[in-house]
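Below you'll find the structure, written out as structure tokens, and then a few comments.
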Amino acid sequence: MCSDEFHKFGFSNYLILEEAIVISATERVPAEWVDDFVKEVDREDFKVKKIVAEDMGLMAAIEWTIPTLVVAYLLKPFFQSFLDEAGKDAYAHAKVQLKKFLAKNKAIKIRLMAATQSIHKLSKTYDQSLSVSIKARIHERLTVTVLFGENVPDEEGSQMMDGMFQILEMLYEQCQKESPETEEASKGFSHNNVYLVANNDTKQWEILTNQQMTAKYRNIVTLDDLNEAKNKESNKPESQPVTMTEVFISYSWDTPEHEQKVVDLTNHLRSNGFNATIDKMISQEKTAINFVRMMHEALLLHPKVIVILSKGYKQKAESFKGGVGEEYEILINDIKTNERKYILASFEGRGDDIVPIGLKGRDIVDLSQPDEEKRLLEKLLDHQRYQFVEVGDKKPELSTIAPQPFTTAGIKVPIEILPPRVTPTGNAGYTGDQYRDVELVMNIEFKNVSSKPVTEFGGQIKINKFIVPDYRDHTIEGDMVLLDVSVARKVFPGQTTMGKQWQFELNRGNIQRVIDTEIIVTVYTEEGNAEAKFNFKDVVFLKPPNKHWMDAQPLTLNLFVG
């Protein structure tokens, strides 16, 4: 990574940066994505910095430097913490959060437009992500640019990210052993850049040099190509610069009355400050106009396009006839990635008889209704009508009704079975914000709900065997263990007593086996029997590791390392 790359972000000397990670993101990336990552990872001994880079604009302008919307710079302190015993926890936590951050940004889909007039563009075979990349400063003489496969599934992508970190760690460790870095030694060095590229077919990493990357992904331009382009340019008349107007209105030439309404709408928007254009305006300014080409340019060169739906538009669109058919083919593909660009409108409602099948289910502004003009203006201005408050830090707590014991009709069982009480002992192991294991104690409790003392009563509990450490010492039925919970003492009216207590451990080995199982408790008394069933995940509540200020939350798999 050359120092100039950091100078443009305001760094005077990247060799003495305190930051372990620098995130450079364009304005197209939601700010909270980067802010949440910085907040989660940044700490006194492990600095993280955010930079807002200039937006690249159309991806047609992409150069061989392979810019992405998000670049994560991994600097010297990042890898130092990998070797430093005191920094290993911060490094491990940063890796977990960086994996999540990279996966989230990799999901941003960017369209690579063909660049036929530039000799510096990527070829159409480029299959790496255009949204996120990594530049890892392994050594003062070596930077590794990591490119992520566009079509690698999420599960395999997660495994590949683990492999990526192993490769970077190995390279860093090897470089430090062979030639430890010094600031003085770095002056005037010859810098090397290699690429760590995800192979979409083998799901493996490949290390490529600049020359190999050029051969694989860069457009190859011959001398004949250059001469042909030069000759074409020299024979062109002096061209006028292309300008982008605000709104283009597309429609079908159905009837003179329909066309007049479109003309009236165009004039109405222009009188209200919008630079609105229709085909008639363009054809008046040019002779022998190519209408198909005009429609292509109009859709590409306008930030907002109003499509007036009508019966004639639907018919021509679905049969792909004429200019409407050409436009519709572009529209149904482009609207998927540029939804805010296109505004569907009509002068005759929203019926199925005017909406082409490729636009079914999309919002339509019905200009036959007086109050709909305001919605059209809001869409043109990207104006948000309603203000919404920020999401609060805490959701309201609601009470739950405990399951009631089953009783035979007409019989009042004096003992009520209470939901098991499960509490952590304080012994736990965790990585980042997830448990590896946690030790808990379970108590089975009963309450005398009659008006007289109960001297003693029998009881039994059926529970998944993986929650009972010594389950082989008890009766087993399939995956269930039968435990005795009898109470051999007097229990007075209204008094609660404990029938059984044992200590157990939850870990990533047994959590998936037990989280959706039942706990079945039965009591036998002289007045009758009762049974109650409880879901295991409904009686266990845990606070996330390292977040003791938070309230305990219901048991989920996300609390444990996968």
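Chain labels follow the order of the structure tokens: the first chain is A, the next B, and so on; residue numbering restarts at 1 in every chain, and ligands are counted from 1 in their shown order.
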
Identify, on the basis of only C-alpha atoms, every residue whose closest approach to segment 25-29 of chain A does not exceed 9 Å; exclude the query and any residue fewer than 2 positions from it along the same chain; express the result as a PDB file with N, CA, C and O atoms, in the first residue's frame.
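That gives us part_15.pdb:
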ATOM      1  N   ILE A  23     -11.400   1.838   7.958  1.00  0.00           N
ATOM      2  CA  ILE A  23     -12.487   1.512   7.040  1.00  0.00           C
ATOM      3  C   ILE A  23     -12.754   2.727   6.161  1.00  0.00           C
ATOM      4  O   ILE A  23     -13.122   3.790   6.647  1.00  0.00           O
ATOM      5  N   ALA A  31     -24.280   4.626   6.668  1.00  0.00           N
ATOM      6  CA  ALA A  31     -23.305   5.080   7.669  1.00  0.00           C
ATOM      7  C   ALA A  31     -23.319   4.197   8.905  1.00  0.00           C
ATOM      8  O   ALA A  31     -22.278   3.935   9.512  1.00  0.00           O
ATOM      9  N   GLU A  32     -24.522   3.706   9.285  1.00  0.00           N
ATOM     10  CA  GLU A  32     -24.604   2.938  10.518  1.00  0.00           C
ATOM     11  C   GLU A  32     -23.863   1.610  10.420  1.00  0.00           C
ATOM     12  O   GLU A  32     -23.412   1.066  11.434  1.00  0.00           O
ATOM     13  N   TRP A  33     -23.708   1.075   9.183  1.00  0.00           N
ATOM     14  CA  TRP A  33     -22.973  -0.175   9.045  1.00  0.00           C
ATOM     15  C   TRP A  33     -21.527  -0.013   9.511  1.00  0.00           C
ATOM     16  O   TRP A  33     -20.994  -0.842  10.241  1.00  0.00           O
ATOM     17  N   VAL A  34     -20.895   1.077   9.063  1.00  0.00           N
ATOM     18  CA  VAL A  34     -19.502   1.313   9.451  1.00  0.00           C
ATOM     19  C   VAL A  34     -19.432   1.762  10.906  1.00  0.00           C
ATOM     20  O   VAL A  34     -18.576   1.302  11.669  1.00  0.00           O
ATOM     21  N   LYS A  50     -12.696   5.403  10.825  1.00  0.00           N
ATOM     22  CA  LYS A  50     -13.606   5.434   9.673  1.00  0.00           C
ATOM     23  C   LYS A  50     -13.260   6.622   8.787  1.00  0.00           C
ATOM     24  O   LYS A  50     -12.984   7.712   9.263  1.00  0.00           O
ATOM     25  N   ILE A  51     -13.286   6.406   7.462  1.00  0.00           N
ATOM     26  CA  ILE A  51     -13.058   7.463   6.483  1.00  0.00           C
ATOM     27  C   ILE A  51     -14.211   7.441   5.493  1.00  0.00           C
ATOM     28  O   ILE A  51     -14.605   6.378   5.028  1.00  0.00           O
ATOM     29  N   VAL A  52     -14.761   8.598   5.183  1.00  0.00           N
ATOM     30  CA  VAL A  52     -15.782   8.686   4.140  1.00  0.00           C
ATOM     31  C   VAL A  52     -15.080   9.099   2.852  1.00  0.00           C
ATOM     32  O   VAL A  52     -14.581  10.213   2.731  1.00  0.00           O
ATOM     33  N   ALA A  53     -15.034   8.183   1.880  1.00  0.00           N
ATOM     34  CA  ALA A  53     -14.374   8.449   0.603  1.00  0.00           C
ATOM     35  C   ALA A  53     -15.380   9.000  -0.389  1.00  0.00           C
ATOM     36  O   ALA A  53     -16.583   8.852  -0.229  1.00  0.00           O
ATOM     37  N   GLU A  54     -14.873   9.633  -1.430  1.00  0.00           N
ATOM     38  CA  GLU A  54     -15.760  10.171  -2.463  1.00  0.00           C
ATOM     39  C   GLU A  54     -16.433   9.040  -3.204  1.00  0.00           C
ATOM     40  O   GLU A  54     -15.841   7.997  -3.470  1.00  0.00           O
ATOM     41  N   ASP A  55     -17.693   9.233  -3.528  1.00  0.00           N
ATOM     42  CA  ASP A  55     -18.439   8.224  -4.267  1.00  0.00           C
ATOM     43  C   ASP A  55     -17.857   8.079  -5.676  1.00  0.00           C
ATOM     44  O   ASP A  55     -17.500   9.053  -6.316  1.00  0.00           O
ATOM     45  N   MET A  56     -17.797   6.854  -6.170  1.00  0.00           N
ATOM     46  CA  MET A  56     -17.188   6.606  -7.469  1.00  0.00           C
ATOM     47  C   MET A  56     -18.114   6.943  -8.628  1.00  0.00           C
ATOM     48  O   MET A  56     -17.698   7.013  -9.771  1.00  0.00           O
ATOM     49  N   THR A  68     -13.589  -0.294  -4.596  1.00  0.00           N
ATOM     50  CA  THR A  68     -14.849  -0.859  -4.107  1.00  0.00           C
ATOM     51  C   THR A  68     -15.519   0.160  -3.202  1.00  0.00           C
ATOM     52  O   THR A  68     -14.891   1.113  -2.749  1.00  0.00           O
ATOM     53  N   LEU A  69     -16.811  -0.051  -2.946  1.00  0.00           N
ATOM     54  CA  LEU A  69     -17.537   0.883  -2.083  1.00  0.00           C
ATOM     55  C   LEU A  69     -16.931   0.927  -0.684  1.00  0.00           C
ATOM     56  O   LEU A  69     -16.950   1.951  -0.019  1.00  0.00           O
ATOM     57  N   VAL A  70     -16.424  -0.212  -0.226  1.00  0.00           N
ATOM     58  CA  VAL A  70     -15.836  -0.312   1.114  1.00  0.00           C
ATOM     59  C   VAL A  70     -14.463  -0.969   0.991  1.00  0.00           C
ATOM     60  O   VAL A  70     -14.329  -2.005   0.347  1.00  0.00           O
ATOM     61  N   VAL A  71     -13.441  -0.338   1.598  1.00  0.00           N
ATOM     62  CA  VAL A  71     -12.112  -0.944   1.672  1.00  0.00           C
ATOM     63  C   VAL A  71     -11.712  -0.998   3.141  1.00  0.00           C
ATOM     64  O   VAL A  71     -11.734   0.021   3.835  1.00  0.00           O
ATOM     65  N   ALA A  72     -11.378  -2.192   3.616  1.00  0.00           N
ATOM     66  CA  ALA A  72     -10.896  -2.361   4.994  1.00  0.00           C
ATOM     67  C   ALA A  72      -9.369  -2.462   4.953  1.00  0.00           C
ATOM     68  O   ALA A  72      -8.823  -3.406   4.382  1.00  0.00           O
ATOM     69  N   ASN A 105     -21.399  -6.195   3.744  1.00  0.00           N
ATOM     70  CA  ASN A 105     -21.084  -5.304   2.628  1.00  0.00           C
ATOM     71  C   ASN A 105     -20.958  -6.064   1.315  1.00  0.00           C
ATOM     72  O   ASN A 105     -21.245  -5.524   0.250  1.00  0.00           O
ATOM     73  N   ILE A 108     -24.029  -6.194  -0.920  1.00  0.00           N
ATOM     74  CA  ILE A 108     -24.425  -5.061  -1.772  1.00  0.00           C
ATOM     75  C   ILE A 108     -24.122  -5.428  -3.229  1.00  0.00           C
ATOM     76  O   ILE A 108     -22.997  -5.766  -3.572  1.00  0.00           O
TER      77      ILE A 108
END

Please tabulate, as a tab-separated table, the residues of segment 508-549 of chain A that come within 12 Å of segment 493-502 of chain A, each with its closest pair of atoms and the distance in Å to one decimal, counting only C-alpha atoms and ordering rows by chain, then residue number upward.
residue	atom	partner	partner_atom	distance
A:Val521	CA	A:Gly499	CA	10.7
A:Thr522	CA	A:Gly499	CA	11.4
A:Val523	CA	A:Gly499	CA	10.3

Item to check | Of the listed residues A:Phe274, A:Lys341, A:Gln434, A:Ile463, that which approaches Asn546 of chain A most closely, counting only C-alpha atoms | outcome: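 When distances to Asn546 of chain A are compared using only C-alpha atoms, the smallest one comes from A:Gln434.
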
Checklist entry - Nearest to Asp366 of chain A among A:Val307, A:Leu168, A:Ala317, A:Ile401, with distances taken over only C-alpha atoms: which residue is it? => result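 Between A:Val307, A:Leu168, A:Ala317, A:Ile401, the residue approaching Asp366 of chain A most closely is A:Val307.
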
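Here atom CA of Ile520 of chain A is placed at a distance of 8.3 Å from atom CA of Gln460 of chain A.
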
Next on the checklist: Need to verify the contact set: Val539 of chain A, 10 Å, only C-alpha atoms, exclusion of same-chain residues closer than 6 positions in sequence. Can you return it as JSON, numbers by chain?
Outcome noted: {"A": [419, 420, 421, 422, 423, 442, 519, 554, 555]}

Next on the checklist: Quick one: residues within 10 Å of Leu376 of chain A, only C-alpha atoms, excluding same-chain residues fewer than 6 positions away - as an MDAnalysis selection string?
Outcome noted: chainID A and resid 306 343:345 364:367 382

Which of segment 332-413 of chain A end up as alpha helix (DSSP H) when DSSP is run on this backbone - answer as an mmCIF file with N, CA, C and O atoms, in the first residue's frame?
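Saved the output as part-v8.cif:
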data_model
loop_
_atom_site.group_PDB
_atom_site.id
_atom_site.type_symbol
_atom_site.label_atom_id
_atom_site.label_comp_id
_atom_site.auth_asym_id
_atom_site.auth_seq_id
_atom_site.Cartn_x
_atom_site.Cartn_y
_atom_site.Cartn_z
ATOM 1 N N ILE A 332 -37.476 -3.380 -17.068
ATOM 2 C CA ILE A 332 -37.739 -4.481 -16.132
ATOM 3 C C ILE A 332 -36.448 -5.052 -15.555
ATOM 4 O O ILE A 332 -36.471 -5.701 -14.506
ATOM 5 N N ASN A 333 -35.317 -4.819 -16.210
ATOM 6 C CA ASN A 333 -34.035 -5.255 -15.656
ATOM 7 C C ASN A 333 -33.417 -4.185 -14.755
ATOM 8 O O ASN A 333 -32.894 -4.498 -13.685
ATOM 9 N N ASP A 334 -33.493 -2.928 -15.192
ATOM 10 C CA ASP A 334 -32.834 -1.851 -14.447
ATOM 11 C C ASP A 334 -33.596 -1.458 -13.188
ATOM 12 O O ASP A 334 -32.998 -1.016 -12.206
ATOM 13 N N GLU A 372 -53.028 12.708 -5.550
ATOM 14 C CA GLU A 372 -51.888 11.893 -5.955
ATOM 15 C C GLU A 372 -50.744 12.730 -6.546
ATOM 16 O O GLU A 372 -49.614 12.259 -6.639
ATOM 17 N N GLU A 373 -51.020 13.975 -6.961
ATOM 18 C CA GLU A 373 -49.949 14.818 -7.503
ATOM 19 C C GLU A 373 -48.858 15.051 -6.458
ATOM 20 O O GLU A 373 -47.668 15.082 -6.779
ATOM 21 N N LYS A 374 -49.286 15.193 -5.210
ATOM 22 C CA LYS A 374 -48.315 15.411 -4.144
ATOM 23 C C LYS A 374 -47.369 14.213 -4.023
ATOM 24 O O LYS A 374 -46.169 14.373 -3.819
ATOM 25 N N ARG A 375 -47.919 13.001 -4.175
ATOM 26 C CA ARG A 375 -47.064 11.798 -4.109
ATOM 27 C C ARG A 375 -46.077 11.774 -5.267
ATOM 28 O O ARG A 375 -44.927 11.336 -5.104
ATOM 29 N N LEU A 376 -46.502 12.235 -6.442
ATOM 30 C CA LEU A 376 -45.593 12.293 -7.585
ATOM 31 C C LEU A 376 -44.429 13.234 -7.299
ATOM 32 O O LEU A 376 -43.262 12.906 -7.557
ATOM 33 N N LEU A 377 -44.730 14.405 -6.749
ATOM 34 C CA LEU A 377 -43.672 15.368 -6.428
ATOM 35 C C LEU A 377 -42.730 14.816 -5.364
ATOM 36 O O LEU A 377 -41.512 15.038 -5.421
ATOM 37 N N GLU A 378 -43.278 14.102 -4.374
ATOM 38 C CA GLU A 378 -42.442 13.511 -3.327
ATOM 39 C C GLU A 378 -41.473 12.492 -3.913
ATOM 40 O O GLU A 378 -40.306 12.416 -3.511
ATOM 41 N N LYS A 379 -41.940 11.701 -4.856
ATOM 42 C CA LYS A 379 -41.064 10.711 -5.482
ATOM 43 C C LYS A 379 -39.994 11.386 -6.339
ATOM 44 O O LYS A 379 -38.837 10.941 -6.382
ATOM 45 N N LEU A 380 -40.352 12.460 -7.030
ATOM 46 C CA LEU A 380 -39.376 13.182 -7.834
ATOM 47 C C LEU A 380 -38.290 13.818 -6.979
ATOM 48 O O LEU A 380 -37.121 13.904 -7.377
ATOM 49 N N LEU A 381 -38.664 14.286 -5.793
ATOM 50 C CA LEU A 381 -37.729 14.987 -4.903
ATOM 51 C C LEU A 381 -37.115 14.060 -3.852
ATOM 52 O O LEU A 381 -36.340 14.517 -3.002
#

Item to check | Val324 of chain A environment, 8 Å, only C-alpha atoms, sequence neighbours closer than 3 positions dropped, as an MDAnalysis selection string | outcome: chainID A and resid 251:252 313 316:317 320:321 327:328

Can I get the selection written as a CSV table (one decimal), in the first residue's frame, with all heavy atoms?
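The result, stored in out_19.csv:
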chain,number,residue,atom,x,y,z
A,251,TYR,N,-44.0,7.1,-22.4
A,251,TYR,CA,-45.4,6.9,-22.6
A,251,TYR,C,-45.6,6.2,-23.9
A,251,TYR,O,-44.7,6.1,-24.8
A,251,TYR,CB,-46.3,8.1,-22.5
A,251,TYR,CG,-46.0,9.1,-23.6
A,251,TYR,CD1,-46.9,9.3,-24.7
A,251,TYR,CD2,-44.8,9.9,-23.6
A,251,TYR,CE1,-46.6,10.2,-25.7
A,251,TYR,CE2,-44.5,10.8,-24.6
A,251,TYR,CZ,-45.4,10.9,-25.7
A,251,TYR,OH,-45.2,11.8,-26.7
A,252,SER,N,-46.9,5.7,-24.2
A,252,SER,CA,-47.2,5.1,-25.4
A,252,SER,C,-48.1,6.1,-26.2
A,252,SER,O,-49.0,6.8,-25.6
A,252,SER,CB,-48.0,3.8,-25.2
A,252,SER,OG,-48.6,3.4,-26.4
A,313,TYR,N,-49.7,1.0,-23.7
A,313,TYR,CA,-48.3,0.8,-23.2
A,313,TYR,C,-48.2,-0.7,-22.8
A,313,TYR,O,-47.2,-1.3,-23.1
A,313,TYR,CB,-48.0,1.7,-22.0
A,313,TYR,CG,-46.6,1.6,-21.5
A,313,TYR,CD1,-45.7,2.5,-21.9
A,313,TYR,CD2,-46.2,0.6,-20.6
A,313,TYR,CE1,-44.3,2.4,-21.5
A,313,TYR,CE2,-44.9,0.5,-20.2
A,313,TYR,CZ,-43.9,1.4,-20.6
A,313,TYR,OH,-42.6,1.3,-20.2
A,316,LYS,N,-48.0,-3.0,-26.0
A,316,LYS,CA,-46.7,-2.9,-26.8
A,316,LYS,C,-45.5,-3.4,-25.9
A,316,LYS,O,-44.6,-4.0,-26.5
A,316,LYS,CB,-46.4,-1.4,-27.1
A,316,LYS,CG,-47.4,-0.8,-28.1
A,316,LYS,CD,-47.2,0.7,-28.3
A,316,LYS,CE,-48.3,1.3,-29.2
A,316,LYS,NZ,-48.2,2.8,-29.3
A,317,ALA,N,-45.6,-3.2,-24.6
A,317,ALA,CA,-44.5,-3.7,-23.7
A,317,ALA,C,-44.5,-5.2,-23.7
A,317,ALA,O,-43.4,-5.8,-23.9
A,317,ALA,CB,-44.7,-3.1,-22.3
A,320,PHE,N,-43.2,-6.6,-26.7
A,320,PHE,CA,-41.9,-6.1,-27.0
A,320,PHE,C,-41.8,-5.4,-28.4
A,320,PHE,O,-40.9,-5.7,-29.2
A,320,PHE,CB,-40.8,-7.1,-26.9
A,320,PHE,CG,-40.6,-7.6,-25.5
A,320,PHE,CD1,-41.3,-8.8,-25.1
A,320,PHE,CD2,-39.8,-7.0,-24.6
A,320,PHE,CE1,-41.1,-9.2,-23.8
A,320,PHE,CE2,-39.7,-7.4,-23.3
A,320,PHE,CZ,-40.3,-8.5,-22.9
A,321,LYS,N,-42.8,-4.6,-28.7
A,321,LYS,CA,-42.9,-3.9,-30.0
A,321,LYS,C,-42.5,-2.5,-29.9
A,321,LYS,O,-42.8,-1.8,-29.0
A,321,LYS,CB,-44.4,-4.0,-30.5
A,321,LYS,CG,-44.8,-5.4,-31.0
A,321,LYS,CD,-46.2,-5.4,-31.6
A,321,LYS,CE,-46.6,-6.7,-32.0
A,321,LYS,NZ,-48.0,-6.7,-32.6
A,327,GLU,N,-37.8,-0.1,-24.7
A,327,GLU,CA,-37.7,0.6,-23.3
A,327,GLU,C,-38.1,-0.4,-22.2
A,327,GLU,O,-37.4,-0.5,-21.2
A,327,GLU,CB,-38.6,1.8,-23.3
A,327,GLU,CG,-38.7,2.4,-21.9
A,327,GLU,CD,-40.0,3.2,-21.8
A,327,GLU,OE1,-40.1,4.2,-22.6
A,327,GLU,OE2,-40.8,2.8,-21.0
A,328,TYR,N,-39.2,-1.1,-22.4
A,328,TYR,CA,-39.7,-2.0,-21.4
A,328,TYR,C,-38.6,-3.1,-21.0
A,328,TYR,O,-38.5,-3.5,-19.9
A,328,TYR,CB,-41.0,-2.7,-21.9
A,328,TYR,CG,-41.6,-3.7,-20.9
A,328,TYR,CD1,-42.1,-3.3,-19.7
A,328,TYR,CD2,-41.7,-5.0,-21.3
A,328,TYR,CE1,-42.7,-4.2,-18.8
A,328,TYR,CE2,-42.3,-6.0,-20.5
A,328,TYR,CZ,-42.7,-5.6,-19.2
A,328,TYR,OH,-43.3,-6.5,-18.4
